[in-house]
file target-v3.pdb (PDB, C-alpha atoms, pLDDT in the B column)
ATOM      1  CA  MET A1453      21.297   9.101   1.748  1.00 55.00           C
ATOM      2  CA  GLU A1454      20.125  10.772   4.929  1.00 63.00           C
ATOM      3  CA  HIS A1455      21.174  14.218   3.697  1.00 60.00           C
ATOM      4  CA  TRP A1456      20.737  14.236  -0.083  1.00 48.00           C
ATOM      5  CA  HIS A1457      17.988  11.748  -0.979  1.00 49.00           C
ATOM      6  CA  TYR A1458      14.318  12.608  -0.561  1.00 52.00           C
ATOM      7  CA  SER A1459      13.657   9.360   1.351  1.00 53.00           C
ATOM      8  CA  ARG A1460      16.204  10.379   4.038  1.00 50.00           C
ATOM      9  CA  ARG A1461      17.051   6.742   4.754  1.00 57.00           C
ATOM     10  CA  MET A1462      19.206   3.858   3.637  1.00 57.00           C
ATOM     11  CA  PRO A1463      17.558   0.983   1.758  1.00 58.00           C
ATOM     12  CA  LYS A1464      17.509  -2.476   3.303  1.00 62.00           C
ATOM     13  CA  SER A1465      19.060  -5.525   1.572  1.00 68.00           C
ATOM     14  CA  LYS A1466      22.488  -6.441   0.266  1.00 76.00           C
ATOM     15  CA  LEU A1467      23.968  -3.289  -1.230  1.00 83.00           C
ATOM     16  CA  ALA A1468      26.791  -2.149  -3.504  1.00 86.00           C
ATOM     17  CA  LYS A1469      27.726   1.453  -2.662  1.00 88.00           C
ATOM     18  CA  ILE A1470      29.576   3.749  -5.046  1.00 87.00           C
ATOM     19  CA  GLY A1471      30.894   7.086  -3.806  1.00 87.00           C
ATOM     20  CA  VAL A1472      31.029  10.136  -6.067  1.00 88.00           C
ATOM     21  CA  TRP A1473      33.752  12.784  -5.893  1.00 88.00           C
ATOM     22  CA  GLN A1474      34.079  16.084  -7.710  1.00 86.00           C
ATOM     23  CA  GLY A1475      37.729  17.015  -7.513  1.00 84.00           C
ATOM     24  CA  GLU A1476      38.631  16.389  -3.866  1.00 86.00           C
ATOM     25  CA  ALA A1477      35.086  16.870  -2.589  1.00 87.00           C
ATOM     26  CA  PHE A1478      32.729  14.001  -1.774  1.00 83.00           C
ATOM     27  CA  ILE A1479      29.384  14.898  -3.358  1.00 83.00           C
ATOM     28  CA  GLY A1480      27.239  11.822  -2.822  1.00 87.00           C
ATOM     29  CA  SER A1481      26.713   8.207  -3.700  1.00 86.00           C
ATOM     30  CA  LEU A1482      24.796   5.718  -5.805  1.00 91.00           C
ATOM     31  CA  ILE A1483      23.542   2.492  -4.278  1.00 90.00           C
ATOM     32  CA  PHE A1484      22.654  -0.715  -6.069  1.00 93.00           C
ATOM     33  CA  GLY A1485      20.788  -3.555  -4.361  1.00 88.00           C
ATOM     34  CA  VAL A1486      18.420  -6.471  -4.739  1.00 83.00           C
ATOM     35  CA  GLY A1487      15.398  -4.169  -4.414  1.00 70.00           C
ATOM     36  CA  SER A1488      12.061  -4.819  -2.727  1.00 68.00           C
ATOM     37  CA  ASN A1489      10.354  -6.465  -5.727  1.00 71.00           C
ATOM     38  CA  ASN A1490      11.058 -10.201  -5.678  1.00 73.00           C
ATOM     39  CA  GLN A1491       9.642 -10.505  -9.212  1.00 80.00           C
ATOM     40  CA  MET A1492      12.065  -7.953 -10.664  1.00 83.00           C
ATOM     41  CA  ALA A1493      14.477 -10.424 -12.277  1.00 87.00           C
ATOM     42  CA  ARG A1494      11.741 -12.730 -13.518  1.00 88.00           C
ATOM     43  CA  SER A1495      10.004  -9.827 -15.238  1.00 86.00           C
ATOM     44  CA  VAL A1496      12.972  -9.590 -17.625  1.00 88.00           C
ATOM     45  CA  GLY A1497      13.568 -13.338 -17.863  1.00 89.00           C
ATOM     46  CA  VAL A1498      16.808 -13.688 -15.895  1.00 91.00           C
ATOM     47  CA  ALA A1499      17.882 -15.274 -12.623  1.00 91.00           C
ATOM     48  CA  ASP A1500      17.757 -13.280  -9.385  1.00 89.00           C
ATOM     49  CA  THR A1501      21.568 -13.096  -9.344  1.00 90.00           C
ATOM     50  CA  GLN A1502      21.611 -11.529 -12.827  1.00 93.00           C
ATOM     51  CA  CYS A1503      19.525  -8.468 -12.051  1.00 92.00           C
ATOM     52  CA  CYS A1504      19.763  -5.646  -9.512  1.00 91.00           C
ATOM     53  CA  GLU A1505      18.137  -2.309  -8.819  1.00 92.00           C
ATOM     54  CA  LEU A1506      19.659   1.162  -8.720  1.00 93.00           C
ATOM     55  CA  VAL A1507      17.926   1.947  -5.444  1.00 88.00           C
ATOM     56  CA  ARG A1508      19.367   5.381  -4.612  1.00 86.00           C
ATOM     57  CA  VAL A1509      20.962   8.341  -6.370  1.00 87.00           C
ATOM     58  CA  ALA A1510      21.884  10.902  -3.716  1.00 84.00           C
ATOM     59  CA  LEU A1511      23.984  13.898  -4.765  1.00 85.00           C
ATOM     60  CA  GLN A1512      24.607  17.375  -3.476  1.00 79.00           C
ATOM     61  CA  THR A1513      25.459  20.311  -5.765  1.00 76.00           C
ATOM     62  CA  HIS A1514      27.588  19.144  -8.699  1.00 72.00           C
ATOM     63  CA  THR A1515      28.553  20.115 -12.243  1.00 83.00           C
ATOM     64  CA  ALA A1516      28.720  16.758 -14.043  1.00 84.00           C
ATOM     65  CA  PRO A1517      25.413  15.550 -15.571  1.00 88.00           C
ATOM     66  CA  VAL A1518      23.719  12.924 -13.390  1.00 89.00           C
ATOM     67  CA  SER A1519      23.334  10.695 -16.451  1.00 90.00           C
ATOM     68  CA  ARG A1520      27.154  10.655 -16.837  1.00 90.00           C
ATOM     69  CA  ILE A1521      27.621   9.844 -13.133  1.00 91.00           C
ATOM     70  CA  VAL A1522      25.146   6.965 -13.462  1.00 93.00           C
ATOM     71  CA  ALA A1523      26.902   5.705 -16.608  1.00 94.00           C
ATOM     72  CA  ILE A1524      30.262   5.603 -14.806  1.00 93.00           C
ATOM     73  CA  ALA A1525      28.670   3.796 -11.848  1.00 94.00           C
ATOM     74  CA  LEU A1526      27.196   1.210 -14.220  1.00 95.00           C
ATOM     75  CA  ARG A1527      30.651   0.514 -15.625  1.00 94.00           C
ATOM     76  CA  PHE A1528      31.956  -0.075 -12.090  1.00 92.00           C
ATOM     77  CA  ILE A1529      29.040  -2.419 -11.322  1.00 93.00           C
ATOM     78  CA  LYS A1530      29.434  -4.369 -14.551  1.00 93.00           C
ATOM     79  CA  ARG A1531      33.156  -4.863 -13.923  1.00 93.00           C
ATOM     80  CA  GLN A1532      32.730  -5.794 -10.245  1.00 92.00           C
ATOM     81  CA  TYR A1533      29.780  -8.156 -10.815  1.00 92.00           C
ATOM     82  CA  PRO A1534      30.297  -9.772 -14.244  1.00 91.00           C
ATOM     83  CA  GLY A1535      27.265 -12.045 -13.811  1.00 92.00           C
ATOM     84  CA  LEU A1536      24.842  -9.114 -13.851  1.00 93.00           C
ATOM     85  CA  ARG A1537      22.863  -8.690 -17.051  1.00 95.00           C
ATOM     86  CA  CYS A1538      20.306  -5.999 -16.269  1.00 95.00           C
ATOM     87  CA  VAL A1539      19.796  -3.061 -13.906  1.00 95.00           C
ATOM     88  CA  VAL A1540      16.323  -1.780 -13.014  1.00 93.00           C
ATOM     89  CA  SER A1541      15.449   1.636 -11.650  1.00 93.00           C
ATOM     90  CA  TYR A1542      12.272   3.518 -10.870  1.00 90.00           C
ATOM     91  CA  ALA A1543      11.247   7.180 -11.076  1.00 89.00           C
ATOM     92  CA  ASP A1544       8.625   8.287  -8.565  1.00 84.00           C
ATOM     93  CA  PRO A1545       5.958  10.609 -10.025  1.00 83.00           C
ATOM     94  CA  GLY A1546       4.866  11.298  -6.461  1.00 74.00           C
ATOM     95  CA  GLN A1547       8.120  13.271  -6.179  1.00 74.00           C
ATOM     96  CA  GLY A1548       7.622  14.913  -9.581  1.00 80.00           C
ATOM     97  CA  HIS A1549      10.099  12.548 -11.272  1.00 81.00           C
ATOM     98  CA  VAL A1550       9.684  11.061 -14.743  1.00 89.00           C
ATOM     99  CA  GLY A1551      13.148   9.535 -15.132  1.00 91.00           C
ATOM    100  CA  THR A1552      14.946  12.290 -17.046  1.00 90.00           C
ATOM    101  CA  ILE A1553      18.373  10.951 -16.027  1.00 90.00           C
ATOM    102  CA  TYR A1554      17.486   7.502 -17.379  1.00 93.00           C
ATOM    103  CA  GLN A1555      16.144   8.927 -20.604  1.00 95.00           C
ATOM    104  CA  ALA A1556      19.399  10.862 -21.076  1.00 92.00           C
ATOM    105  CA  GLY A1557      21.305   7.608 -20.488  1.00 93.00           C
ATOM    106  CA  ASN A1558      19.292   5.655 -23.087  1.00 94.00           C
ATOM    107  CA  TRP A1559      17.626   3.343 -20.575  1.00 95.00           C
ATOM    108  CA  ILE A1560      14.631   1.348 -21.820  1.00 95.00           C
ATOM    109  CA  TYR A1561      11.301   2.572 -20.461  1.00 96.00           C
ATOM    110  CA  THR A1562       8.707  -0.151 -19.893  1.00 94.00           C
ATOM    111  CA  GLY A1563       5.762   1.713 -18.354  1.00 93.00           C
ATOM    112  CA  CYS A1564       4.386   2.111 -14.855  1.00 89.00           C
ATOM    113  CA  THR A1565       4.192  -0.255 -11.939  1.00 85.00           C
ATOM    114  CA  ALA A1566       0.887  -0.789 -10.142  1.00 82.00           C
ATOM    115  CA  PRO A1567      -0.106   1.806  -7.512  1.00 82.00           C
ATOM    116  CA  VAL A1568       0.277   0.809  -3.871  1.00 76.00           C
ATOM    117  CA  ASP A1569      -1.167   1.824  -0.506  1.00 78.00           C
ATOM    118  CA  TYR A1570       0.919   2.399   2.603  1.00 76.00           C
ATOM    119  CA  TYR A1571      -0.270   3.184   6.104  1.00 81.00           C
ATOM    120  CA  GLU A1572       1.046   6.109   8.122  1.00 84.00           C
ATOM    121  CA  ASP A1573       1.296   5.854  11.908  1.00 83.00           C
ATOM    122  CA  SER A1574       1.315   8.674  14.458  1.00 80.00           C
ATOM    123  CA  ARG A1575       5.105   9.056  14.100  1.00 78.00           C
ATOM    124  CA  GLY A1576       4.757   9.702  10.374  1.00 76.00           C
ATOM    125  CA  GLN A1577       6.315   6.369   9.425  1.00 76.00           C
ATOM    126  CA  LEU A1578       4.893   4.414   6.493  1.00 74.00           C
ATOM    127  CA  ASN A1579       4.005   0.754   6.920  1.00 75.00           C
ATOM    128  CA  HIS A1580       3.241  -2.039   4.461  1.00 72.00           C
ATOM    129  CA  TRP A1581      -0.315  -3.377   4.609  1.00 72.00           C
ATOM    130  CA  ARG A1582       0.835  -6.639   6.225  1.00 75.00           C
ATOM    131  CA  ASP A1583       2.397  -4.709   9.098  1.00 81.00           C
ATOM    132  CA  ALA A1584      -0.582  -2.360   9.183  1.00 81.00           C
ATOM    133  CA  ARG A1585      -2.993  -5.246   9.700  1.00 82.00           C
ATOM    134  CA  ARG A1586      -1.013  -6.480  12.699  1.00 83.00           C
ATOM    135  CA  MET A1587      -0.860  -2.939  14.081  1.00 84.00           C
ATOM    136  CA  GLN A1588      -4.623  -2.591  13.666  1.00 82.00           C
ATOM    137  CA  GLN A1589      -5.122  -5.729  15.724  1.00 83.00           C
ATOM    138  CA  ARG A1590      -3.197  -4.011  18.522  1.00 84.00           C
ATOM    139  CA  GLY A1591      -5.499  -0.992  18.282  1.00 84.00           C
ATOM    140  CA  VAL A1592      -3.101   1.353  16.480  1.00 84.00           C
ATOM    141  CA  SER A1593      -4.816   4.055  14.418  1.00 83.00           C
ATOM    142  CA  LEU A1594      -3.372   4.466  10.921  1.00 86.00           C
ATOM    143  CA  LYS A1595      -4.032   6.588   7.865  1.00 84.00           C
ATOM    144  CA  ARG A1596      -3.969   5.119   4.378  1.00 84.00           C
ATOM    145  CA  ILE A1597      -1.685   6.892   1.896  1.00 78.00           C
ATOM    146  CA  TYR A1598      -2.074   6.231  -1.829  1.00 76.00           C
ATOM    147  CA  PHE A1599       1.108   6.085  -3.910  1.00 74.00           C
ATOM    148  CA  PRO A1600       0.831   6.120  -7.706  1.00 76.00           C
ATOM    149  CA  GLY A1601       2.765   3.588  -9.739  1.00 83.00           C
ATOM    150  CA  LYS A1602       6.383   4.370 -10.542  1.00 87.00           C
ATOM    151  CA  HIS A1603       7.998   4.734 -13.960  1.00 93.00           C
ATOM    152  CA  LYS A1604      10.157   1.671 -14.626  1.00 93.00           C
ATOM    153  CA  TYR A1605      13.436   1.769 -16.561  1.00 95.00           C
ATOM    154  CA  LEU A1606      15.804  -1.040 -17.598  1.00 95.00           C
ATOM    155  CA  MET A1607      19.480  -0.893 -18.478  1.00 95.00           C
ATOM    156  CA  PRO A1608      20.776  -4.047 -20.236  1.00 96.00           C
ATOM    157  CA  LEU A1609      24.439  -4.808 -19.568  1.00 95.00           C
ATOM    158  CA  ASP A1610      25.084  -6.881 -22.702  1.00 94.00           C
ATOM    159  CA  GLU A1611      23.849  -6.847 -26.273  1.00 95.00           C
ATOM    160  CA  GLU A1612      21.930 -10.092 -25.975  1.00 95.00           C
ATOM    161  CA  MET A1613      20.031  -8.669 -23.017  1.00 95.00           C
ATOM    162  CA  ARG A1614      19.315  -5.456 -24.928  1.00 95.00           C
ATOM    163  CA  ARG A1615      17.816  -7.416 -27.814  1.00 95.00           C
ATOM    164  CA  LYS A1616      15.774  -9.471 -25.357  1.00 94.00           C
ATOM    165  CA  ILE A1617      14.131  -6.535 -23.610  1.00 94.00           C
ATOM    166  CA  ALA A1618      13.931  -4.152 -26.598  1.00 95.00           C
ATOM    167  CA  PRO A1619      10.334  -5.270 -27.406  1.00 94.00           C
ATOM    168  CA  LEU A1620       9.267  -4.015 -23.944  1.00 94.00           C
ATOM    169  CA  ALA A1621      10.188  -0.414 -24.812  1.00 95.00           C
ATOM    170  CA  LYS A1622       7.532   2.300 -24.636  1.00 95.00           C
ATOM    171  CA  PRO A1623       7.767   6.036 -25.428  1.00 95.00           C
ATOM    172  CA  TYR A1624       9.433   8.051 -22.686  1.00 94.00           C
ATOM    173  CA  PRO A1625       7.030   9.883 -20.364  1.00 91.00           C
ATOM    174  CA  LYS A1626       7.149  13.657 -20.218  1.00 87.00           C
ATOM    175  CA  ARG A1627       6.941  15.853 -17.146  1.00 72.00           C
ATOM    176  CA  ALA A1628       3.411  16.858 -16.059  1.00 59.00           C
ATOM    177  CA  GLN A1629       1.880  14.124 -18.208  1.00 50.00           C
ATOM    178  CA  GLY A1630      -0.005  11.075 -16.899  1.00 47.00           C
ATOM    179  CA  VAL A1631       1.313   7.819 -18.324  1.00 42.00           C
ATOM    180  CA  ALA A1632      -0.348   4.436 -17.897  1.00 42.00           C
ATOM    181  CA  GLY A1633      -2.014   5.479 -14.686  1.00 49.00           C
ATOM    182  CA  CYS A1634       1.002   7.254 -13.147  1.00 64.00           C
ATOM    183  CA  THR A1635       0.027  10.536 -11.554  1.00 53.00           C
ATOM    184  CA  PRO A1636       2.307  13.360 -10.376  1.00 42.00           C
ATOM    185  CA  VAL A1637       0.960  13.567  -6.824  1.00 37.00           C
ATOM    186  CA  VAL A1638       0.735  11.519  -3.631  1.00 35.00           C
ATOM    187  CA  GLN A1639      -2.839  11.400  -2.422  1.00 35.00           C
ATOM    188  CA  THR A1640      -4.510  10.364   0.815  1.00 33.00           C
ATOM    189  CA  GLY A1641      -6.789   7.386   0.278  1.00 34.00           C
ATOM    190  CA  GLY A1642     -10.448   7.426   1.213  1.00 33.00           C
ATOM    191  CA  GLY A1643     -13.846   8.352  -0.113  1.00 29.00           C
ATOM    192  CA  GLY A1644     -16.688  10.817   0.359  1.00 28.00           C
ATOM    193  CA  SER A1645     -16.666  13.928   2.509  1.00 27.00           C
ATOM    194  CA  SER A1646     -15.230  11.937   5.442  1.00 26.00           C
ATOM    195  CA  PRO A1647     -12.500   9.737   3.979  1.00 28.00           C
ATOM    196  CA  THR A1648     -12.319   6.254   5.515  1.00 26.00           C
ATOM    197  CA  CYS A1649      -9.768   3.487   5.231  1.00 28.00           C
ATOM    198  CA  ALA A1650     -10.794   0.027   4.045  1.00 30.00           C
ATOM    199  CA  LEU A1651      -8.120  -1.751   6.102  1.00 31.00           C
ATOM    200  CA  VAL A1652      -7.609   0.414   9.157  1.00 32.00           C
ATOM    201  CA  ALA A1653      -9.371   3.391  10.739  1.00 30.00           C
ATOM    202  CA  ALA A1654      -8.208   6.750   9.452  1.00 31.00           C
ATOM    203  CA  ASP A1655      -7.187   9.539  11.806  1.00 28.00           C
TER     204      ASP A1655
END
call {"tool": "encode", "arguments": {"input": "target-v3.pdb", "output": "structure tokens"}}
result
Amino acid sequence: MEHWHYSRRMPKSKLAKIGVWQGEAFIGSLIFGVGSNNQMARSVGVADTQCCELVRVALQTHTAPVSRIVAIALRFIKRQYPGLRCVVSYADPGQGHVGTIYQAGNWIYTGCTAPVDYYEDSRGQLNHWRDARRMQQRGVSLKRIYFPGKHKYLMPLDEEMRRKIAPLAKPYPKRAQGVAGCTPVVQTGGGGSSPTCALVAAD
């Protein structure tokens, strides 16, 4: 994750980690977890223990299609955790992603999540608004960073689940095309000629 994923960090939460080899060479890993959205399972009508998120796909140079690697990982996850019924994953338009690997794997696209604001400190670390408010109270100066909503994809793990979520399907987004408010850039929040932050003072 630290070398081959754009976030450069491991996700937090309970995780299932799947290594990927090409011949004898280790080329990366896929990580599944509970995700940061506590409404994720409810949004598809299942219990929290029946839904997980594909939180990282981190690969170096390889020849196999990523969609095939993901498909194999899903088979491992389904066999190891038979109670799972659905996997969720997100494509970040702020990184220029539209979810091509999910489209190639026949995942169900359900649209965009709501945009969010994070707050960058002097070390370049991003903070949730709850943490930012506490930091502001201590006099820390932060800069608001706007993140567009992410493209959301679902992979049902049984036929009943597929029939259940099929009505949620929307046309796949295309690269360089805004969809349901998703935009292909990360922008600094603010307004006017001297951008200001509604929650905390901007640098």
call {"tool": "atom_distance", "arguments": {"input": "target-v3.pdb", "atom1": "CA of Arg1531 (chain A)", "atom2": "CA of Val1550 (chain A)"}}
result
28.4 Å
call {"tool": "resolve_selection", "arguments": {"input": "target-v3.pdb", "expression": "the PyMOL selection byres ((chain A and resi 1526) around 10)", "output": "list in words"}}
result
Ile1470, Leu1482, Phe1484, Leu1506, Arg1520, Ile1521, Val1522, Ala1523, Ile1524, Ala1525, Arg1527, Phe1528, Ile1529, Lys1530, Arg1531, Gln1532, Val1539, Met1607 and Leu1609 of chain A
call {"tool": "write_last_selection", "arguments": {"input": "target-v3.pdb", "atoms": "C-alpha atoms", "output": "tab-separated table (two decimals), in the coordinates of the input"}}
result
chain	number	residue	atom	x	y	z
A	1470	ILE	CA	29.58	3.75	-5.05
A	1482	LEU	CA	24.80	5.72	-5.80
A	1484	PHE	CA	22.65	-0.72	-6.07
A	1506	LEU	CA	19.66	1.16	-8.72
A	1520	ARG	CA	27.15	10.66	-16.84
A	1521	ILE	CA	27.62	9.84	-13.13
A	1522	VAL	CA	25.15	6.96	-13.46
A	1523	ALA	CA	26.90	5.70	-16.61
A	1524	ILE	CA	30.26	5.60	-14.81
A	1525	ALA	CA	28.67	3.80	-11.85
A	1527	ARG	CA	30.65	0.51	-15.62
A	1528	PHE	CA	31.96	-0.08	-12.09
A	1529	ILE	CA	29.04	-2.42	-11.32
A	1530	LYS	CA	29.43	-4.37	-14.55
A	1531	ARG	CA	33.16	-4.86	-13.92
A	1532	GLN	CA	32.73	-5.79	-10.24
A	1539	VAL	CA	19.80	-3.06	-13.91
A	1607	MET	CA	19.48	-0.89	-18.48
A	1609	LEU	CA	24.44	-4.81	-19.57
call {"tool": "closest_residue", "arguments": {"input": "target-v3.pdb", "among": "A:Thr1552, A:Gln1474, A:Gln1491, A:Thr1562", "to": "His1514 (chain A)", "atoms": "all atoms listed in the file"}}
result
A:Gln1474
call {"tool": "resolve_selection", "arguments": {"input": "target-v3.pdb", "expression": "the PyMOL selection byres ((chain A and resi 1536) around 10)", "output": "list in words"}}
result
Val1498, Ala1499, Asp1500, Thr1501, Gln1502, Cys1503, Cys1504, Ile1529, Lys1530, Arg1531, Gln1532, Tyr1533, Pro1534, Gly1535, Arg1537, Cys1538, Val1539, Pro1608, Leu1609 and Asp1610 of chain A
call {"tool": "write_last_selection", "arguments": {"input": "target-v3.pdb", "atoms": "C-alpha atoms", "output": "mmCIF file, keeping the file's coordinate frame"}}
result
data_model
loop_
_atom_site.group_PDB
_atom_site.id
_atom_site.type_symbol
_atom_site.label_atom_id
_atom_site.label_comp_id
_atom_site.auth_asym_id
_atom_site.auth_seq_id
_atom_site.Cartn_x
_atom_site.Cartn_y
_atom_site.Cartn_z
ATOM 1 C CA VAL A 1498 16.808 -13.688 -15.895
ATOM 2 C CA ALA A 1499 17.882 -15.274 -12.623
ATOM 3 C CA ASP A 1500 17.757 -13.280 -9.385
ATOM 4 C CA THR A 1501 21.568 -13.096 -9.344
ATOM 5 C CA GLN A 1502 21.611 -11.529 -12.827
ATOM 6 C CA CYS A 1503 19.525 -8.468 -12.051
ATOM 7 C CA CYS A 1504 19.763 -5.646 -9.512
ATOM 8 C CA ILE A 1529 29.040 -2.419 -11.322
ATOM 9 C CA LYS A 1530 29.434 -4.369 -14.551
ATOM 10 C CA ARG A 1531 33.156 -4.863 -13.923
ATOM 11 C CA GLN A 1532 32.730 -5.794 -10.245
ATOM 12 C CA TYR A 1533 29.780 -8.156 -10.815
ATOM 13 C CA PRO A 1534 30.297 -9.772 -14.244
ATOM 14 C CA GLY A 1535 27.265 -12.045 -13.811
ATOM 15 C CA ARG A 1537 22.863 -8.690 -17.051
ATOM 16 C CA CYS A 1538 20.306 -5.999 -16.269
ATOM 17 C CA VAL A 1539 19.796 -3.061 -13.906
ATOM 18 C CA PRO A 1608 20.776 -4.047 -20.236
ATOM 19 C CA LEU A 1609 24.439 -4.808 -19.568
ATOM 20 C CA ASP A 1610 25.084 -6.881 -22.702
#
call {"tool": "closest_residue", "arguments": {"input": "target-v3.pdb", "among": "A:Gly1551, A:Val1540, A:Arg1590, A:Lys1469", "to": "Val1496 (chain A)", "atoms": "all atoms listed in the file"}}
result
A:Val1540
call {"tool": "atom_distance", "arguments": {"input": "target-v3.pdb", "atom1": "CA of Ile1560 (chain A)", "atom2": "CA of Pro1623 (chain A)"}}
result
9.1 Å
call {"tool": "atom_distance", "arguments": {"input": "target-v3.pdb", "atom1": "CA of Asp1544 (chain A)", "atom2": "CA of Lys1626 (chain A)"}}
result
12.9 Å
call {"tool": "residues_near_point", "arguments": {"input": "target-v3.pdb", "point": "(9.1, 12.0, -17.7)", "cutoff": "10 Å", "atoms": "all atoms listed in the file", "output": "compact mmCIF listing (two decimals) with C-alpha atoms, keeping the file's coordinate frame"}}
result
# COMPACT_ATOMS: atom_id res chain seq x y z
CA ALA A 1543 11.25 7.18 -11.08
CA ASP A 1544 8.62 8.29 -8.56
CA PRO A 1545 5.96 10.61 -10.02
CA GLY A 1548 7.62 14.91 -9.58
CA HIS A 1549 10.10 12.55 -11.27
CA VAL A 1550 9.68 11.06 -14.74
CA GLY A 1551 13.15 9.54 -15.13
CA THR A 1552 14.95 12.29 -17.05
CA ILE A 1553 18.37 10.95 -16.03
CA TYR A 1554 17.49 7.50 -17.38
CA GLN A 1555 16.14 8.93 -20.60
CA HIS A 1603 8.00 4.73 -13.96
CA PRO A 1623 7.77 6.04 -25.43
CA TYR A 1624 9.43 8.05 -22.69
CA PRO A 1625 7.03 9.88 -20.36
CA LYS A 1626 7.15 13.66 -20.22
CA ARG A 1627 6.94 15.85 -17.15
CA ALA A 1628 3.41 16.86 -16.06
CA GLN A 1629 1.88 14.12 -18.21
CA GLY A 1630 0.00 11.08 -16.90
CA VAL A 1631 1.31 7.82 -18.32
